[in-house]
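Q: Got a structure for you, input28.cif, holding mmCIF, N, CA and C atoms.
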data_coords
loop_
_atom_site.label_atom_id
_atom_site.label_comp_id
_atom_site.auth_asym_id
_atom_site.auth_seq_id
_atom_site.Cartn_x
_atom_site.Cartn_y
_atom_site.Cartn_z
N GLN I 1 23.92 46.53 -146.74
CA GLN I 1 23.88 46.83 -145.33
C GLN I 1 22.49 46.58 -144.77
N VAL I 2 22.45 46.31 -143.49
CA VAL I 2 21.19 46.05 -142.80
C VAL I 2 21.05 47.04 -141.66
N GLN I 3 19.86 47.54 -141.47
CA GLN I 3 19.57 48.44 -140.35
C GLN I 3 18.41 47.88 -139.53
N LEU I 4 18.52 48.07 -138.23
CA LEU I 4 17.43 47.76 -137.31
C LEU I 4 17.02 49.06 -136.64
N VAL I 5 15.75 49.39 -136.72
CA VAL I 5 15.27 50.64 -136.14
C VAL I 5 14.15 50.33 -135.15
N GLU I 6 14.40 50.69 -133.89
CA GLU I 6 13.41 50.48 -132.84
C GLU I 6 12.53 51.71 -132.69
N SER I 7 11.33 51.49 -132.18
CA SER I 7 10.42 52.59 -131.85
C SER I 7 9.48 52.10 -130.75
N GLY I 8 8.81 53.06 -130.12
CA GLY I 8 7.80 52.72 -129.13
C GLY I 8 8.20 52.93 -127.69
N GLY I 9 9.44 53.30 -127.44
CA GLY I 9 9.84 53.55 -126.07
C GLY I 9 9.20 54.82 -125.53
N GLY I 10 9.35 55.02 -124.23
CA GLY I 10 8.80 56.23 -123.62
C GLY I 10 8.71 56.07 -122.12
N SER I 11 7.95 56.97 -121.52
CA SER I 11 7.78 56.96 -120.07
C SER I 11 6.37 56.51 -119.73
N VAL I 12 6.28 55.68 -118.70
CA VAL I 12 4.99 55.15 -118.28
C VAL I 12 5.02 54.91 -116.78
N GLN I 13 3.87 54.94 -116.17
CA GLN I 13 3.80 54.65 -114.74
C GLN I 13 3.75 53.14 -114.52
N ALA I 14 4.15 52.74 -113.34
CA ALA I 14 4.12 51.32 -112.98
C ALA I 14 2.71 50.77 -113.19
N GLY I 15 2.67 49.56 -113.76
CA GLY I 15 1.40 48.94 -114.09
C GLY I 15 0.94 49.20 -115.50
N GLY I 16 1.59 50.13 -116.17
CA GLY I 16 1.20 50.49 -117.53
C GLY I 16 1.79 49.55 -118.57
N SER I 17 1.54 49.89 -119.83
CA SER I 17 1.97 49.05 -120.94
C SER I 17 2.65 49.89 -122.02
N LEU I 18 3.55 49.25 -122.73
CA LEU I 18 4.18 49.83 -123.91
C LEU I 18 4.38 48.72 -124.94
N ARG I 19 4.43 49.12 -126.19
CA ARG I 19 4.71 48.16 -127.26
C ARG I 19 5.88 48.67 -128.07
N LEU I 20 6.95 47.90 -128.08
CA LEU I 20 8.12 48.25 -128.86
C LEU I 20 8.06 47.56 -130.22
N SER I 21 8.60 48.24 -131.21
CA SER I 21 8.69 47.68 -132.56
C SER I 21 10.13 47.79 -133.04
N CYS I 22 10.53 46.85 -133.87
CA CYS I 22 11.85 46.90 -134.48
C CYS I 22 11.72 46.40 -135.91
N ALA I 23 12.03 47.28 -136.84
CA ALA I 23 11.94 46.94 -138.26
C ALA I 23 13.33 46.79 -138.86
N ALA I 24 13.53 45.68 -139.55
CA ALA I 24 14.79 45.44 -140.25
C ALA I 24 14.64 45.86 -141.70
N SER I 25 15.67 46.52 -142.22
CA SER I 25 15.63 46.95 -143.62
C SER I 25 17.02 46.82 -144.22
N GLY I 26 17.06 46.93 -145.55
CA GLY I 26 18.34 46.83 -146.25
C GLY I 26 18.42 45.54 -147.04
N ARG I 27 19.64 45.03 -147.16
CA ARG I 27 19.86 43.82 -147.94
C ARG I 27 19.57 42.60 -147.08
N ILE I 28 18.37 42.07 -147.21
CA ILE I 28 17.92 40.95 -146.39
C ILE I 28 17.51 39.79 -147.28
N PHE I 29 18.18 38.67 -147.11
CA PHE I 29 17.79 37.44 -147.80
C PHE I 29 16.88 36.62 -146.89
N SER I 30 17.29 36.50 -145.64
CA SER I 30 16.46 35.80 -144.66
C SER I 30 16.85 36.26 -143.26
N ILE I 31 15.90 36.16 -142.35
CA ILE I 31 16.13 36.51 -140.95
C ILE I 31 16.04 35.23 -140.13
N ASN I 32 17.15 34.86 -139.52
CA ASN I 32 17.18 33.63 -138.75
C ASN I 32 16.52 33.77 -137.39
N ALA I 33 16.71 34.93 -136.77
CA ALA I 33 16.17 35.14 -135.43
C ALA I 33 16.08 36.63 -135.15
N MET I 34 15.13 37.00 -134.31
CA MET I 34 15.01 38.38 -133.84
C MET I 34 14.65 38.34 -132.37
N GLY I 35 15.17 39.30 -131.63
CA GLY I 35 14.89 39.32 -130.21
C GLY I 35 15.14 40.67 -129.61
N TRP I 36 14.95 40.74 -128.29
CA TRP I 36 15.10 41.98 -127.55
C TRP I 36 16.04 41.77 -126.35
N PHE I 37 16.91 42.75 -126.16
CA PHE I 37 17.77 42.80 -124.99
C PHE I 37 17.52 44.14 -124.31
N ARG I 38 18.02 44.28 -123.09
CA ARG I 38 17.92 45.56 -122.41
C ARG I 38 19.14 45.78 -121.54
N GLN I 39 19.41 47.06 -121.30
CA GLN I 39 20.53 47.43 -120.44
C GLN I 39 20.10 48.55 -119.53
N ALA I 40 20.08 48.26 -118.24
CA ALA I 40 19.75 49.26 -117.24
C ALA I 40 21.02 49.99 -116.83
N PRO I 41 20.90 51.19 -116.28
CA PRO I 41 22.09 51.94 -115.86
C PRO I 41 22.95 51.15 -114.89
N GLY I 42 24.23 51.05 -115.20
CA GLY I 42 25.15 50.35 -114.32
C GLY I 42 25.09 48.85 -114.39
N LYS I 43 24.32 48.31 -115.31
CA LYS I 43 24.18 46.87 -115.41
C LYS I 43 24.57 46.38 -116.80
N GLN I 44 24.80 45.08 -116.91
CA GLN I 44 25.14 44.50 -118.20
C GLN I 44 23.88 44.30 -119.04
N ARG I 45 24.10 44.26 -120.35
CA ARG I 45 22.99 44.00 -121.26
C ARG I 45 22.50 42.57 -121.02
N GLU I 46 21.18 42.41 -121.00
CA GLU I 46 20.61 41.09 -120.75
C GLU I 46 19.51 40.77 -121.76
N LEU I 47 19.33 39.48 -121.98
CA LEU I 47 18.26 39.02 -122.87
C LEU I 47 16.91 39.26 -122.21
N VAL I 48 15.98 39.80 -122.98
CA VAL I 48 14.60 39.96 -122.52
C VAL I 48 13.73 38.86 -123.13
N ALA I 49 13.79 38.76 -124.46
CA ALA I 49 12.97 37.75 -125.13
C ALA I 49 13.54 37.48 -126.51
N SER I 50 13.44 36.24 -126.96
CA SER I 50 13.86 35.90 -128.31
C SER I 50 12.96 34.79 -128.84
N ASP I 51 12.88 34.71 -130.17
CA ASP I 51 11.98 33.76 -130.81
C ASP I 51 10.61 33.95 -130.21
N SER I 52 9.91 32.91 -129.89
CA SER I 52 8.57 33.07 -129.33
C SER I 52 8.43 32.45 -127.95
N THR I 53 9.47 31.78 -127.49
CA THR I 53 9.32 31.05 -126.22
C THR I 53 10.43 31.33 -125.21
N ASN I 54 11.43 32.06 -125.57
CA ASN I 54 12.56 32.29 -124.70
C ASN I 54 12.44 33.65 -124.03
N TYR I 55 12.14 33.66 -122.74
CA TYR I 55 11.96 34.89 -121.99
C TYR I 55 12.82 34.89 -120.73
N ALA I 56 13.27 36.08 -120.35
CA ALA I 56 13.92 36.22 -119.06
C ALA I 56 12.88 35.93 -117.97
N ASP I 57 13.33 35.31 -116.89
CA ASP I 57 12.40 34.98 -115.81
C ASP I 57 11.67 36.22 -115.29
N SER I 58 12.36 37.34 -115.29
CA SER I 58 11.80 38.56 -114.71
C SER I 58 10.65 39.14 -115.52
N VAL I 59 10.49 38.70 -116.77
CA VAL I 59 9.43 39.26 -117.61
C VAL I 59 8.38 38.24 -118.02
N LYS I 60 8.58 36.98 -117.65
CA LYS I 60 7.62 35.94 -118.02
C LYS I 60 6.23 36.28 -117.49
N GLY I 61 5.24 36.11 -118.37
CA GLY I 61 3.88 36.40 -117.99
C GLY I 61 3.48 37.86 -118.15
N ARG I 62 4.47 38.73 -118.39
CA ARG I 62 4.17 40.16 -118.56
C ARG I 62 4.52 40.66 -119.96
N PHE I 63 5.58 40.12 -120.55
CA PHE I 63 6.04 40.55 -121.88
C PHE I 63 5.74 39.47 -122.90
N THR I 64 5.44 39.89 -124.13
CA THR I 64 5.20 38.96 -125.22
C THR I 64 5.93 39.44 -126.46
N ILE I 65 6.73 38.54 -127.04
CA ILE I 65 7.43 38.85 -128.28
C ILE I 65 6.66 38.24 -129.45
N SER I 66 6.63 38.97 -130.55
CA SER I 66 5.97 38.46 -131.74
C SER I 66 6.68 39.00 -132.98
N ARG I 67 6.48 38.34 -134.10
CA ARG I 67 7.12 38.75 -135.34
C ARG I 67 6.12 38.83 -136.47
N ASP I 68 6.34 39.79 -137.35
CA ASP I 68 5.60 39.89 -138.61
C ASP I 68 6.64 39.67 -139.70
N ASN I 69 6.71 38.45 -140.20
CA ASN I 69 7.76 38.12 -141.16
C ASN I 69 7.61 38.90 -142.47
N ALA I 70 6.39 39.21 -142.84
CA ALA I 70 6.17 39.95 -144.08
C ALA I 70 6.73 41.37 -143.99
N LYS I 71 6.80 41.90 -142.78
CA LYS I 71 7.29 43.26 -142.58
C LYS I 71 8.69 43.28 -142.00
N ASN I 72 9.30 42.11 -141.82
CA ASN I 72 10.63 42.03 -141.19
C ASN I 72 10.66 42.80 -139.87
N THR I 73 9.64 42.63 -139.08
CA THR I 73 9.47 43.41 -137.85
C THR I 73 9.22 42.48 -136.67
N VAL I 74 9.82 42.85 -135.55
CA VAL I 74 9.59 42.15 -134.30
C VAL I 74 9.01 43.13 -133.30
N TYR I 75 8.11 42.65 -132.47
CA TYR I 75 7.44 43.49 -131.48
C TYR I 75 7.70 42.95 -130.08
N LEU I 76 7.58 43.83 -129.11
CA LEU I 76 7.64 43.43 -127.71
C LEU I 76 6.50 44.15 -126.99
N GLN I 77 5.49 43.38 -126.65
CA GLN I 77 4.38 43.93 -125.87
C GLN I 77 4.74 43.80 -124.40
N MET I 78 4.78 44.92 -123.71
CA MET I 78 5.18 44.93 -122.30
C MET I 78 4.00 45.40 -121.46
N ASN I 79 3.51 44.53 -120.62
CA ASN I 79 2.40 44.83 -119.73
C ASN I 79 2.85 44.79 -118.28
N SER I 80 2.04 45.36 -117.41
CA SER I 80 2.34 45.35 -115.97
C SER I 80 3.77 45.79 -115.71
N LEU I 81 4.15 46.89 -116.31
CA LEU I 81 5.53 47.35 -116.20
C LEU I 81 5.87 47.75 -114.77
N LYS I 82 7.14 47.50 -114.43
CA LYS I 82 7.65 47.79 -113.10
C LYS I 82 8.83 48.76 -113.22
N PRO I 83 9.13 49.51 -112.17
CA PRO I 83 10.28 50.42 -112.23
C PRO I 83 11.57 49.70 -112.61
N GLU I 84 11.71 48.46 -112.21
CA GLU I 84 12.93 47.72 -112.55
C GLU I 84 13.01 47.32 -114.02
N ASP I 85 11.97 47.58 -114.77
CA ASP I 85 12.02 47.37 -116.22
C ASP I 85 12.66 48.56 -116.94
N THR I 86 12.93 49.62 -116.21
CA THR I 86 13.56 50.80 -116.80
C THR I 86 14.92 50.44 -117.38
N ALA I 87 15.09 50.73 -118.66
CA ALA I 87 16.33 50.36 -119.36
C ALA I 87 16.26 50.87 -120.79
N VAL I 88 17.39 50.80 -121.45
CA VAL I 88 17.40 50.96 -122.90
C VAL I 88 17.18 49.58 -123.51
N TYR I 89 16.22 49.49 -124.38
CA TYR I 89 15.87 48.21 -125.00
C TYR I 89 16.44 48.18 -126.42
N TYR I 90 17.15 47.09 -126.71
CA TYR I 90 17.82 46.93 -127.99
C TYR I 90 17.23 45.76 -128.76
N CYS I 91 17.04 45.99 -130.03
CA CYS I 91 16.63 44.93 -130.94
C CYS I 91 17.87 44.20 -131.45
N ASN I 92 17.75 42.90 -131.58
CA ASN I 92 18.86 42.07 -132.05
C ASN I 92 18.34 41.13 -133.12
N ALA I 93 19.13 40.92 -134.15
CA ALA I 93 18.68 40.02 -135.21
C ALA I 93 19.88 39.33 -135.87
N ARG I 94 19.66 38.13 -136.31
CA ARG I 94 20.65 37.41 -137.10
C ARG I 94 20.10 37.28 -138.51
N ILE I 95 20.79 37.90 -139.46
CA ILE I 95 20.26 38.09 -140.81
C ILE I 95 21.28 37.65 -141.85
N ARG I 96 20.76 36.93 -142.86
CA ARG I 96 21.57 36.60 -144.02
C ARG I 96 21.27 37.61 -145.12
N SER I 97 22.31 38.15 -145.72
CA SER I 97 22.13 39.15 -146.77
C SER I 97 22.05 38.55 -148.15
N SER I 98 22.46 37.29 -148.30
CA SER I 98 22.33 36.60 -149.59
C SER I 98 22.32 35.11 -149.32
N SER I 99 22.04 34.35 -150.37
CA SER I 99 21.93 32.90 -150.22
C SER I 99 23.27 32.24 -149.94
N ASN I 100 24.37 32.91 -150.26
CA ASN I 100 25.69 32.29 -150.09
C ASN I 100 26.51 32.96 -148.99
N THR I 101 25.83 33.58 -148.03
CA THR I 101 26.53 34.16 -146.89
C THR I 101 25.94 33.61 -145.60
N TYR I 102 26.79 33.63 -144.57
CA TYR I 102 26.31 33.23 -143.26
C TYR I 102 25.51 34.37 -142.64
N ALA I 103 24.72 34.02 -141.65
CA ALA I 103 23.97 35.05 -140.92
C ALA I 103 24.92 35.88 -140.07
N MET I 104 24.68 37.16 -140.06
CA MET I 104 25.44 38.09 -139.22
C MET I 104 24.52 38.67 -138.16
N GLU I 105 25.12 39.09 -137.07
CA GLU I 105 24.34 39.66 -135.98
C GLU I 105 24.30 41.17 -136.09
N TYR I 106 23.11 41.72 -135.92
CA TYR I 106 22.91 43.16 -135.99
C TYR I 106 22.20 43.65 -134.74
N TRP I 107 22.47 44.92 -134.41
CA TRP I 107 21.84 45.55 -133.25
C TRP I 107 21.22 46.88 -133.68
N GLY I 108 20.10 47.20 -133.05
CA GLY I 108 19.55 48.53 -133.20
C GLY I 108 20.25 49.49 -132.25
N LYS I 109 19.90 50.78 -132.35
CA LYS I 109 20.54 51.79 -131.50
C LYS I 109 19.90 51.88 -130.12
N GLY I 110 18.75 51.26 -129.96
CA GLY I 110 18.10 51.24 -128.66
C GLY I 110 17.01 52.28 -128.51
N THR I 111 16.06 51.94 -127.64
CA THR I 111 14.98 52.87 -127.31
C THR I 111 14.78 52.83 -125.79
N LEU I 112 14.65 54.00 -125.19
CA LEU I 112 14.60 54.10 -123.74
C LEU I 112 13.18 53.88 -123.23
N VAL I 113 13.09 53.01 -122.23
CA VAL I 113 11.83 52.79 -121.52
C VAL I 113 12.05 53.19 -120.06
N THR I 114 11.21 54.10 -119.59
CA THR I 114 11.30 54.57 -118.21
C THR I 114 9.98 54.29 -117.51
N VAL I 115 10.05 53.56 -116.41
CA VAL I 115 8.85 53.23 -115.64
C VAL I 115 8.96 53.88 -114.27
N SER I 116 8.02 54.73 -113.96
CA SER I 116 8.03 55.45 -112.68
C SER I 116 7.06 54.80 -111.70
N SER I 117 7.41 54.90 -110.44
CA SER I 117 6.58 54.27 -109.39
C SER I 117 5.49 55.20 -108.92
#
Could you take the file, read its structure, and then write that structure out as C-alpha cells?
A:
Amino acid sequence: QVQLVESGGGSVQAGGSLRLSCAASGRIFSINAMGWFRQAPGKQRELVASDSTNYADSVKGRFTISRDNAKNTVYLQMNSLKPEDTAVYYCNARIRSSSNTYAMEYWGKGTLVTVSS
C-alpha cells in the first residue's frame, strides 16, 4: 500500500506565505509524477501545479512546486497568498509499486489553507 501525507496547511493573512509538504510512503518502486490540487467550498477540485512547469494560471508567479526524490516528497511554496487561494489542498501522485505493475494514482487526505483579507 502507498500513503500520501500532507502537512503545512494553516491560516495566514493575505500577502503571506505557506509551504506545503507531501511525503509518499509504503511500497514504492518509482514515482512517475507528483502534484497538487485544491478544492474550494462549493467548487470542483482543480489542478494547482504538477511536475515543475505546469501551473494553474491563477497561481503562476506566486506558487512553486518542487520535489525531493530521495525523500519521495513534493513541496508547494505559496507566496503572495490571496483570499481566493483558500481551499483544501490535496497531494496527488502516480506511483508504481513494483517493476511489473502499472502506475496507480493516489491522493492524500488534504490540508486546509485559509487566507484572510
Q: Taking the file above as input, evaluate the PyMOL selection byres ((chain I and resi 9-24) around 8) and report the hits as number ranges by chain.
A: I: 2-8, 25-28, 71-83, 89-92, 108, 110-117
Q: Convert the current residue selection to file output with N, CA and C atoms, as a compact mmCIF listing (two decimals), in the coordinates of the input.
A:
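Below you can see again-v1.txt, which holds the result:
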# COMPACT_ATOMS: atom_id res chain seq x y z
N VAL I 2 22.45 46.31 -143.49
CA VAL I 2 21.19 46.05 -142.80
C VAL I 2 21.05 47.04 -141.66
N GLN I 3 19.86 47.54 -141.47
CA GLN I 3 19.57 48.44 -140.35
C GLN I 3 18.41 47.88 -139.53
N LEU I 4 18.52 48.07 -138.23
CA LEU I 4 17.43 47.76 -137.31
C LEU I 4 17.02 49.06 -136.64
N VAL I 5 15.75 49.39 -136.72
CA VAL I 5 15.27 50.64 -136.14
C VAL I 5 14.15 50.33 -135.15
N GLU I 6 14.40 50.69 -133.89
CA GLU I 6 13.41 50.48 -132.84
C GLU I 6 12.53 51.71 -132.69
N SER I 7 11.33 51.49 -132.18
CA SER I 7 10.42 52.59 -131.85
C SER I 7 9.48 52.10 -130.75
N GLY I 8 8.81 53.06 -130.12
CA GLY I 8 7.80 52.72 -129.13
C GLY I 8 8.20 52.93 -127.69
N SER I 25 15.67 46.52 -142.22
CA SER I 25 15.63 46.95 -143.62
C SER I 25 17.02 46.82 -144.22
N GLY I 26 17.06 46.93 -145.55
CA GLY I 26 18.34 46.83 -146.25
C GLY I 26 18.42 45.54 -147.04
N ARG I 27 19.64 45.03 -147.16
CA ARG I 27 19.86 43.82 -147.94
C ARG I 27 19.57 42.60 -147.08
N ILE I 28 18.37 42.07 -147.21
CA ILE I 28 17.92 40.95 -146.39
C ILE I 28 17.51 39.79 -147.28
N LYS I 71 6.80 41.90 -142.78
CA LYS I 71 7.29 43.26 -142.58
C LYS I 71 8.69 43.28 -142.00
N ASN I 72 9.30 42.11 -141.82
CA ASN I 72 10.63 42.03 -141.19
C ASN I 72 10.66 42.80 -139.87
N THR I 73 9.64 42.63 -139.08
CA THR I 73 9.47 43.41 -137.85
C THR I 73 9.22 42.48 -136.67
N VAL I 74 9.82 42.85 -135.55
CA VAL I 74 9.59 42.15 -134.30
C VAL I 74 9.01 43.13 -133.30
N TYR I 75 8.11 42.65 -132.47
CA TYR I 75 7.44 43.49 -131.48
C TYR I 75 7.70 42.95 -130.08
N LEU I 76 7.58 43.83 -129.11
CA LEU I 76 7.64 43.43 -127.71
C LEU I 76 6.50 44.15 -126.99
N GLN I 77 5.49 43.38 -126.65
CA GLN I 77 4.38 43.93 -125.87
C GLN I 77 4.74 43.80 -124.40
N MET I 78 4.78 44.92 -123.71
CA MET I 78 5.18 44.93 -122.30
C MET I 78 4.00 45.40 -121.46
N ASN I 79 3.51 44.53 -120.62
CA ASN I 79 2.40 44.83 -119.73
C ASN I 79 2.85 44.79 -118.28
N SER I 80 2.04 45.36 -117.41
CA SER I 80 2.34 45.35 -115.97
C SER I 80 3.77 45.79 -115.71
N LEU I 81 4.15 46.89 -116.31
CA LEU I 81 5.53 47.35 -116.20
C LEU I 81 5.87 47.75 -114.77
N LYS I 82 7.14 47.50 -114.43
CA LYS I 82 7.65 47.79 -113.10
C LYS I 82 8.83 48.76 -113.22
N PRO I 83 9.13 49.51 -112.17
CA PRO I 83 10.28 50.42 -112.23
C PRO I 83 11.57 49.70 -112.61
N TYR I 89 16.22 49.49 -124.38
CA TYR I 89 15.87 48.21 -125.00
C TYR I 89 16.44 48.18 -126.42
N TYR I 90 17.15 47.09 -126.71
CA TYR I 90 17.82 46.93 -127.99
C TYR I 90 17.23 45.76 -128.76
N CYS I 91 17.04 45.99 -130.03
CA CYS I 91 16.63 44.93 -130.94
C CYS I 91 17.87 44.20 -131.45
N ASN I 92 17.75 42.90 -131.58
CA ASN I 92 18.86 42.07 -132.05
C ASN I 92 18.34 41.13 -133.12
N GLY I 108 20.10 47.20 -133.05
CA GLY I 108 19.55 48.53 -133.20
C GLY I 108 20.25 49.49 -132.25
N GLY I 110 18.75 51.26 -129.96
CA GLY I 110 18.10 51.24 -128.66
C GLY I 110 17.01 52.28 -128.51
N THR I 111 16.06 51.94 -127.64
CA THR I 111 14.98 52.87 -127.31
C THR I 111 14.78 52.83 -125.79
N LEU I 112 14.65 54.00 -125.19
CA LEU I 112 14.60 54.10 -123.74
C LEU I 112 13.18 53.88 -123.23
N VAL I 113 13.09 53.01 -122.23
CA VAL I 113 11.83 52.79 -121.52
C VAL I 113 12.05 53.19 -120.06
N THR I 114 11.21 54.10 -119.59
CA THR I 114 11.30 54.57 -118.21
C THR I 114 9.98 54.29 -117.51
N VAL I 115 10.05 53.56 -116.41
CA VAL I 115 8.85 53.23 -115.64
C VAL I 115 8.96 53.88 -114.27
N SER I 116 8.02 54.73 -113.96
CA SER I 116 8.03 55.45 -112.68
C SER I 116 7.06 54.80 -111.70
N SER I 117 7.41 54.90 -110.44
CA SER I 117 6.58 54.27 -109.39
C SER I 117 5.49 55.20 -108.92
Q: Could you give me, as a count of residues only, each residue of region 13-67 of chain I that DSSP assigns to strand (DSSP E) when run on this structure's backbone?
A: 32
Q: Find the residues around Leu47 (chain I) up to 7 Å (only C-alpha atoms counted), leave out those fewer than 3 positions away in its own chain, and share them as a ChimeraX atom specification.
A: /I:36-38,56
Q: Rounded to one decimal place, report the CA of Lys60 (chain I)-atom N of Ala40 (chain I) distance in Å.
A: 17.5 Å
Q: Figure out the distance between atom N of Met34 (chain I) and CA of Arg96 (chain I), please, to one decimal in Å.
A: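 Atom-to-atom, CA of Arg96 (chain I) to atom N of Met34 (chain I), that is 11.7 Å.
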Q: For region 87-95 of chain I, supply all heavy atoms and format the output as a compact mmCIF listing (two decimals), in the frame of the given file.
A:
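The resulting file, part.txt, is shown below:
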# COMPACT_ATOMS: atom_id res chain seq x y z
N ALA I 87 15.09 50.73 -118.66
CA ALA I 87 16.33 50.36 -119.36
C ALA I 87 16.26 50.87 -120.79
O ALA I 87 15.20 51.31 -121.26
CB ALA I 87 16.52 48.85 -119.37
N VAL I 88 17.39 50.80 -121.45
CA VAL I 88 17.40 50.96 -122.90
C VAL I 88 17.18 49.58 -123.51
O VAL I 88 17.90 48.63 -123.17
CB VAL I 88 18.73 51.56 -123.39
CG1 VAL I 88 18.73 51.65 -124.92
CG2 VAL I 88 18.96 52.94 -122.78
N TYR I 89 16.22 49.49 -124.38
CA TYR I 89 15.87 48.21 -125.00
C TYR I 89 16.44 48.18 -126.42
O TYR I 89 16.24 49.11 -127.21
CB TYR I 89 14.36 48.05 -125.04
CG TYR I 89 13.79 47.67 -123.69
CD1 TYR I 89 13.76 48.60 -122.65
CD2 TYR I 89 13.33 46.39 -123.43
CE1 TYR I 89 13.29 48.26 -121.39
CE2 TYR I 89 12.83 46.03 -122.18
CZ TYR I 89 12.82 46.98 -121.17
OH TYR I 89 12.34 46.63 -119.92
N TYR I 90 17.15 47.09 -126.71
CA TYR I 90 17.82 46.93 -127.99
C TYR I 90 17.23 45.76 -128.76
O TYR I 90 17.00 44.68 -128.20
CB TYR I 90 19.31 46.66 -127.79
CG TYR I 90 20.07 47.78 -127.14
CD1 TYR I 90 20.23 47.84 -125.76
CD2 TYR I 90 20.64 48.79 -127.92
CE1 TYR I 90 20.93 48.86 -125.16
CE2 TYR I 90 21.35 49.82 -127.32
CZ TYR I 90 21.50 49.85 -125.95
OH TYR I 90 22.20 50.88 -125.36
N CYS I 91 17.04 45.99 -130.03
CA CYS I 91 16.63 44.93 -130.94
C CYS I 91 17.87 44.20 -131.45
O CYS I 91 18.92 44.83 -131.70
CB CYS I 91 15.87 45.55 -132.11
SG CYS I 91 15.32 44.39 -133.38
N ASN I 92 17.75 42.90 -131.58
CA ASN I 92 18.86 42.07 -132.05
C ASN I 92 18.34 41.13 -133.12
O ASN I 92 17.23 40.60 -133.00
CB ASN I 92 19.44 41.28 -130.88
CG ASN I 92 20.47 40.26 -131.30
OD1 ASN I 92 20.15 39.12 -131.62
ND2 ASN I 92 21.72 40.67 -131.32
N ALA I 93 19.13 40.92 -134.15
CA ALA I 93 18.68 40.02 -135.21
C ALA I 93 19.88 39.33 -135.87
O ALA I 93 20.97 39.92 -135.94
CB ALA I 93 17.88 40.77 -136.26
N ARG I 94 19.66 38.13 -136.31
CA ARG I 94 20.65 37.41 -137.10
C ARG I 94 20.10 37.28 -138.51
O ARG I 94 19.05 36.65 -138.71
CB ARG I 94 20.94 36.04 -136.49
CG ARG I 94 21.59 36.13 -135.10
CD ARG I 94 22.09 34.78 -134.64
NE ARG I 94 23.09 34.22 -135.51
CZ ARG I 94 24.39 34.54 -135.48
NH1 ARG I 94 24.82 35.44 -134.61
NH2 ARG I 94 25.24 33.97 -136.30
N ILE I 95 20.79 37.90 -139.46
CA ILE I 95 20.26 38.09 -140.81
C ILE I 95 21.28 37.65 -141.85
O ILE I 95 22.47 37.96 -141.74
CB ILE I 95 19.89 39.57 -141.03
CG1 ILE I 95 18.78 39.97 -140.05
CG2 ILE I 95 19.47 39.83 -142.47
CD1 ILE I 95 18.45 41.45 -140.07
